[in-house]
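Worksheet: one structure, shown below.
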Amino acid sequence: MNYKDQNDASLVELTLLGNERAFEELVKRWQSAAMKSAVSITSNHYTAEDAVQDAFVTAWQRLDTLRDREKFGAWICRIARYRAINLAIRYREHIPFDLIENTEHEAFDDLIGYYDNELESKELMYHVENLSEKVKSVIKMFYFEGLSVETISKKMDLAVGTVKSRLHDGRIKLRKEMGLMDKNNEKETLLEAVMRRVNELKKWKLRKNKKGFEKEYNDCLTEVEDLPESEQKYHALADVLNLGYWYLSNEKKEELEKRIKEAAIKGNNREVLGYSITRASDNLSGKAKIEFDLNEIIPELESYGLTEAIGSVYFWIGYEYFSSLHDVQSAKEYFEKAINILPPDDVHYATSKAAIEIFEKLGEVLNDKMKYVISCVGEEYRLDGSKLLFWSQPGFSPGWLQGFSKRSCDHPTYYISLTDGLMYDEEMKVGETVKSFDGTATLKLISDNEEIDTPCGAFHNCHVFVCKDIRFETTVYYKRNIGIVAYKHTSVIPQNSAEHAHAFFKLASYKINGGTGLIPFAEGNTWTYTSESVDGLCDYEIKYEVTYFDGKKVIVSHPSYKFKDSYNKKSWDDVIHYLRSFYVKEIDENKECLNDVSKEMILAEQLAKTPWQKAHTAVANGVMRRIFATDLDYDPNAKEKGYRNFFNLLDVSKEDGKTYIFDNRDYGFEWKEYVHEARPLLYNDLYCILSENIGCLWNDNIKAGYEFTYTCPVFRKDTEFVCNAKVETCEPIETKAGRFENCIKLSYSSNHETWTNGVLFRVVDADWYFAEGIGLVKTVFKLDNFTREIIYELSSYKGEGSGYMPIIPDTERFYELVGEDPKLHGSVRYVYAIDDEGELKILTDQKGTIDI
């Protein structure tokens, strides 16, 4: 057929029948006229090209709404004009507003989304900010400041050709990153362009915040649904719908799952079909899940020939045998079944390999979960040009070994990738920073010539990347053609506060079979790591091994473990950790009970020699003995029942006039239960509640007349914690501890949510009263729309200081619940002490019991 001889109406009809060459003829026929319409708005050739390209994509998607087929030319020109208005508003500083304002706005019922919304503008700026500095500056001056190429050339002392080249490079990169059609690739069909947008949508899962995903998802879904009928269309549709299943909570999942499965079958999308079938047992665990997987899931997968999905199910059956049923032998058998049928390019192959390696190394140790923490993980990375992206990390990390979490970080590859999955970009220059889409994380290249000593020798000219988000800072040293040679993981306490460094891990051994780059990839490449701060405390290993690489996709097996087979009963620290680990034991997969450690408590008291050891032991043993004395299963004759008994060790740090506390979970323990009548006991964690809501335990700016707002972005959520606070003078406060003059009141309203057993208990307004030289003397929590108050007051104290919140050694503060049912006993004691390293700590004894 000679398409040039066909009129517009015929070409439209042919296109609607799925003939792409007919639409290509329409593009050739009308692109010049569409360009004139767009240029009349933008006065800029480059921007007009963008408008025209997007106009033809819109026309392709909405072609069936064109009522008069013969008027395609006028229709596409109008669309181009409106797309140009879109871009004009986006680049409003460059295009005079009178061109926009004088444009006649016609009503079109058959077109949608003429004007870019806030989300699109935010995404554009996100991608602009992540361009290289030299390209970003030219893009901003040309598009956002309205400067001509010649002006930019003079301002930056660059050749005109260089400016044009950087504009060209920036435009190509922006369009690619935003999932738009690449106009420079004349061979790319509209179907291919839409498919590329689907692939860009898949990258959304790398972001730590799903805010804005729904709009992007719906737009992409519309584009796919409007494609002509084909297997490729349904393959893409299954991909998009599957993303919606994971990320959109407002969908009816049962209905959506049906659509996903139908699209996956019609599109021969075997990966998504496997996901859809295996999700049927997601809400099961233990023996019930194993039986359902074996009797229902696997037979259905077999009927479709989904071997890889069967392998992943075998892996998770092994996990259930190990984690829920404590059947080590059966678990290992299913890990072996998985690895025997999975191909090396499946990430569950690497995960199964990691599990088998751990099981063979630890053997009988795995029968006692108190002795170990293991990590059986597979990791998938993707090479995207110069970027390495962290794609997925299935696996599990069971075990109850306590006391060593602060000294170790088993997953540096995950923590360096918190900026939307980016582990590194080979094109980044020293000093360049990339921000995550939601702005809460950054990745910065701070050096490309660092030297570091490791057990494998000294490595020179290392690239050092630092990733920081609201919780952690991770530093990774890359040696080209060797890989990661060292890494340091730091916990931030909390946002913008002082830091507590975790262990510094360094390369202990490696084997490189091939590959190039900051991390060389070739099958069999292996790296293991060691750390001085962990050596001697427990046995451990952290290992990475490449199991597959095809030039784009990387699969890595990542087994790691820590185990401690025995404790030195002559070491105070070891006995303290023994108590922390073994005061509770598991009866079955759903129930735990207390385990008698009375001898070890006495031993800890005998071994405590320093003032710090004695103070720590006294508070910790006091809580431990109360846990046993108020548990009816352990002591049926108990007079009180424990509902919230905690021992916490709080690290203290100060920075820029703010005092921060950090819950050191290496030492803390608890025994709790929730019933409605125990609700007032939930609020005895006074210092932590205050810190959560105002961002620190104390701020030296807090005084009468001070007002502030604390906003804390929440990791992987769509909202923020916001607290609005003000400080004023108040009348004297009288409690059991005495009458306190010179008091101030800090009042706040907060949306901070904390749930316990389905009960929302920390979204409250509160008043906090502080006395000069003493500190906190009273707290009033205002609950249930101010219909109820829960009050804690200072009952006794030891030591005074200066200011309204003195935090100094050798002092104590004891607070009790008042005004409630006398059967309720809620209190918290804070003991301030210096540890053996000279650091200030707060030992916390939280009591929550009810008379029987």
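Ordering of the structure tokens sets the chain letters (A, B, ...), residue numbers begin anew at 1 in every chain, and ligands are numbered from 1 in the order given.
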Alpha helix (DSSP H) positions in stretch 484-627 of chain A, given as a ChimeraX atom specification: /A:572-582,598-607,611-627
Pick out the residues sitting within 6 Å of A:Ile290, and hand them over as a list in words; count only C-alpha atoms, and ignore anything fewer than 3 positions along from it in its own chain.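 Neighbouring residues, sequence-local ones excluded: Lys287, Asp293 and Ile317 of chain A.
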Can you tell me how far atom CA of A:Arg279 sits from atom CA of A:Leu422, in Å to one decimal?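 Atom CA of A:Leu422 lies 28.5 Å from atom CA of A:Arg279.
The protein and nucleic acid residues lying at most 10 Å from A:Ile76 are Leu26, Val27, Trp30, Gln31, Ala33, Ala34, Ser37, Val52, Ala55, Phe56, Thr58, Ala59, Lys71, Arg81 and Tyr82 of chain A, with only C-alpha atoms considered and sequence neighbours fewer than 5 positions away removed.
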For A:Tyr477, find every residue with an atom within 9 Å (counting only C-alpha atoms), except residues of its own chain fewer than 4 positions away, and show them as a list in words.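 Listing them by chain and then by number gives Glu450, Ile452, Cys462, His463, Val464, Phe465, Gly483, Ile484, Val485, Ala486, Tyr487 and Lys488 of chain A.
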Save out the residues we just selected, C-alpha atoms, as a compact mmCIF listing (two decimals), in the first residue's frame.
# COMPACT_ATOMS: atom_id res chain seq x y z
CA GLU A 450 41.71 8.34 48.92
CA ILE A 452 43.12 3.20 52.93
CA CYS A 462 39.92 5.06 45.97
CA HIS A 463 36.56 6.66 45.15
CA VAL A 464 34.70 7.51 48.34
CA PHE A 465 30.91 7.90 48.21
CA GLY A 483 35.40 -3.32 44.33
CA ILE A 484 34.35 -2.19 47.81
CA VAL A 485 37.49 -2.22 49.97
CA ALA A 486 36.03 -0.61 53.11
CA TYR A 487 32.80 0.81 54.46
CA LYS A 488 31.56 2.61 57.55
As an MDAnalysis selection string, please: every residue in stretch 258-432 of chain A that a backbone DSSP assignment puts in strand (DSSP E or B). chainID A and resid 372:384 387:392 395:396 422:425
Between atom CA of A:Trp246 and atom CA of A:Lys202, what distance in Å does the model show, to one decimal?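 If I compute the distance from atom CA of A:Trp246 to atom CA of A:Lys202, I get 11.3 Å.
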Could you list, as a PyMOL selection string, every residue within 12 Å of A:Glu291, counting only C-alpha atoms and ignoring same-chain residues fewer than 4 positions away? chain A and resi 281+284-287+295-299+313-314+317+320-321
Can you spit out the residues from that selection as a CSV table (one decimal), in the first residue's frame, using all heavy atoms?
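Output saved as selection_28.csv:
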chain,number,residue,atom,x,y,z
A,281,SER,N,-0.7,-17.3,48.9
A,281,SER,CA,-0.4,-17.8,50.3
A,281,SER,C,0.4,-16.7,51.1
A,281,SER,O,0.9,-17.1,52.2
A,281,SER,CB,0.5,-19.0,50.2
A,281,SER,OG,1.8,-18.8,49.6
A,284,LEU,N,-0.4,-16.5,54.9
A,284,LEU,CA,-0.2,-17.8,55.7
A,284,LEU,C,1.2,-17.8,56.2
A,284,LEU,O,2.1,-17.2,55.7
A,284,LEU,CB,-0.5,-19.0,54.9
A,284,LEU,CG,-1.9,-19.1,54.3
A,284,LEU,CD1,-2.0,-20.3,53.4
A,284,LEU,CD2,-3.0,-19.1,55.4
A,285,SER,N,1.5,-18.7,57.2
A,285,SER,CA,2.8,-18.9,57.7
A,285,SER,C,2.9,-20.3,58.3
A,285,SER,O,1.9,-21.0,58.5
A,285,SER,CB,3.2,-17.8,58.8
A,285,SER,OG,2.3,-18.0,59.9
A,286,GLY,N,4.1,-20.7,58.6
A,286,GLY,CA,4.4,-22.0,59.2
A,286,GLY,C,3.8,-23.2,58.4
A,286,GLY,O,3.9,-23.2,57.2
A,287,LYS,N,3.3,-24.1,59.1
A,287,LYS,CA,2.8,-25.4,58.5
A,287,LYS,C,1.7,-25.1,57.5
A,287,LYS,O,1.7,-25.8,56.4
A,287,LYS,CB,2.4,-26.4,59.6
A,287,LYS,CG,2.0,-27.7,59.1
A,287,LYS,CD,1.6,-28.7,60.2
A,287,LYS,CE,1.3,-30.1,59.7
A,287,LYS,NZ,0.9,-31.0,60.8
A,295,ASN,N,0.5,-28.0,48.0
A,295,ASN,CA,-0.7,-28.6,47.4
A,295,ASN,C,-1.5,-27.8,46.4
A,295,ASN,O,-2.2,-28.3,45.6
A,295,ASN,CB,-1.7,-29.0,48.5
A,295,ASN,CG,-1.1,-30.0,49.5
A,295,ASN,OD1,-0.3,-30.9,49.1
A,295,ASN,ND2,-1.4,-29.9,50.8
A,296,GLU,N,-1.3,-26.4,46.5
A,296,GLU,CA,-2.1,-25.5,45.6
A,296,GLU,C,-1.2,-24.7,44.7
A,296,GLU,O,-1.4,-24.7,43.5
A,296,GLU,CB,-2.9,-24.6,46.5
A,296,GLU,CG,-3.9,-25.3,47.4
A,296,GLU,CD,-5.0,-26.0,46.7
A,296,GLU,OE1,-5.3,-25.6,45.6
A,296,GLU,OE2,-5.6,-26.9,47.3
A,297,ILE,N,-0.2,-24.0,45.3
A,297,ILE,CA,0.6,-23.1,44.5
A,297,ILE,C,1.5,-23.8,43.5
A,297,ILE,O,1.5,-23.5,42.3
A,297,ILE,CB,1.5,-22.2,45.4
A,297,ILE,CG1,0.6,-21.4,46.4
A,297,ILE,CG2,2.4,-21.3,44.6
A,297,ILE,CD1,-0.3,-20.4,45.7
A,298,ILE,N,2.3,-24.8,43.9
A,298,ILE,CA,3.2,-25.4,43.0
A,298,ILE,C,2.5,-26.2,41.9
A,298,ILE,O,2.9,-26.0,40.7
A,298,ILE,CB,4.2,-26.4,43.8
A,298,ILE,CG1,5.1,-25.5,44.6
A,298,ILE,CG2,5.0,-27.3,42.9
A,298,ILE,CD1,6.1,-26.3,45.5
A,299,PRO,N,1.4,-26.9,42.1
A,299,PRO,CA,0.7,-27.5,41.0
A,299,PRO,C,0.3,-26.5,39.9
A,299,PRO,O,0.3,-26.8,38.7
A,299,PRO,CB,-0.5,-28.2,41.6
A,299,PRO,CG,0.0,-28.6,43.0
A,299,PRO,CD,0.9,-27.4,43.4
A,313,VAL,N,9.4,-20.5,45.3
A,313,VAL,CA,8.5,-21.1,46.4
A,313,VAL,C,9.3,-22.1,47.2
A,313,VAL,O,9.1,-22.1,48.4
A,313,VAL,CB,7.3,-21.7,45.7
A,313,VAL,CG1,6.4,-22.5,46.7
A,313,VAL,CG2,6.4,-20.6,45.0
A,314,TYR,N,10.1,-22.9,46.6
A,314,TYR,CA,10.9,-23.9,47.4
A,314,TYR,C,11.8,-23.2,48.4
A,314,TYR,O,11.9,-23.6,49.5
A,314,TYR,CB,11.8,-24.7,46.4
A,314,TYR,CG,11.1,-25.8,45.7
A,314,TYR,CD1,11.6,-26.3,44.5
A,314,TYR,CD2,10.0,-26.5,46.2
A,314,TYR,CE1,10.9,-27.3,43.8
A,314,TYR,CE2,9.3,-27.5,45.6
A,314,TYR,CZ,9.8,-27.9,44.4
A,314,TYR,OH,9.2,-29.0,43.7
A,317,ILE,N,9.6,-22.1,51.2
A,317,ILE,CA,9.2,-23.2,52.0
A,317,ILE,C,10.3,-23.6,53.0
A,317,ILE,O,10.1,-23.9,54.2
A,317,ILE,CB,8.8,-24.4,51.2
A,317,ILE,CG1,7.5,-24.2,50.4
A,317,ILE,CG2,8.7,-25.7,52.0
A,317,ILE,CD1,7.1,-25.3,49.4
A,320,GLU,N,10.2,-21.2,55.9
A,320,GLU,CA,9.2,-21.6,56.9
A,320,GLU,C,9.6,-22.7,57.7
A,320,GLU,O,9.4,-22.7,58.9
A,320,GLU,CB,7.9,-21.8,56.2
A,320,GLU,CG,7.2,-20.6,55.5
A,320,GLU,CD,6.8,-19.6,56.5
A,320,GLU,OE1,6.6,-19.9,57.7
A,320,GLU,OE2,6.6,-18.4,56.1
A,321,TYR,N,10.2,-23.8,57.1
A,321,TYR,CA,10.7,-24.9,57.9
A,321,TYR,C,11.7,-24.4,58.9
A,321,TYR,O,11.6,-24.9,60.1
A,321,TYR,CB,11.3,-25.9,57.0
A,321,TYR,CG,10.3,-27.0,56.5
A,321,TYR,CD1,10.1,-27.2,55.2
A,321,TYR,CD2,9.7,-27.9,57.5
A,321,TYR,CE1,9.2,-28.2,54.8
A,321,TYR,CE2,8.8,-28.9,57.0
A,321,TYR,CZ,8.6,-29.0,55.7
A,321,TYR,OH,7.7,-30.0,55.3
Can you pull out every residue within 7 Å of A:Val466, counting only C-alpha atoms, but drop anything in the same chain fewer than 3 positions away, and send it as a ChimeraX atom specification? /A:443-445,473-476
Would you kindly return, as a list in words, each protein, DNA or RNA residue with an atom no farther than 12 Å from any atom of A:Ser10, considering only C-alpha atoms and excluding same-chain residues fewer than 2 positions away?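 That gives Met1, Asn2, Tyr3, Lys4, Asp5, Gln6, Asn7, Asp8, Val12, Glu13, Leu14, Thr15, Leu16, Leu17, Asn19, Ala22, Phe23, Glu25, Leu26, Asp68, Arg69, Glu70, Lys71 and Phe72 of chain A.
The two atoms in question, atom CA of A:Thr454 and atom CA of A:Lys506, are spaced 5.6 Å apart.
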Within 12 Å of stretch 698-701 of chain A, which residues of stretch 771-844 of chain A show up? Give each one with its shortest atom-to-atom distance in Å (one decimal) and the two atoms involved, counting only C-alpha atoms, rows by chain then rising residue number, as a Markdown table.
| residue | atom | partner | partner_atom | distance |
| --- | --- | --- | --- | --- |
| A:Gly775 | CA | A:Trp698 | CA | 10.0 |
| A:Leu776 | CA | A:Trp698 | CA | 10.4 |
| A:Ser802 | CA | A:Asp700 | CA | 11.5 |
| A:Gly803 | CA | A:Asp700 | CA | 8.5 |
| A:Tyr804 | CA | A:Asp700 | CA | 8.7 |
| A:Met805 | CA | A:Trp698 | CA | 6.9 |
| A:Pro806 | CA | A:Trp698 | CA | 9.4 |
| A:Ile807 | CA | A:Trp698 | CA | 9.4 |
Using only C-alpha atoms, which of the listed residues (A:Glu262, A:Thr490, A:Arg207, A:Leu256) sits closest to A:Tyr234?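 For A:Tyr234, the nearest of the given residues is A:Glu262.
Shortest atom-to-atom contact with A:Tyr567 among A:Ile587, A:Ile446, A:Leu401, A:Ile172: A:Leu401, counting only C-alpha atoms.
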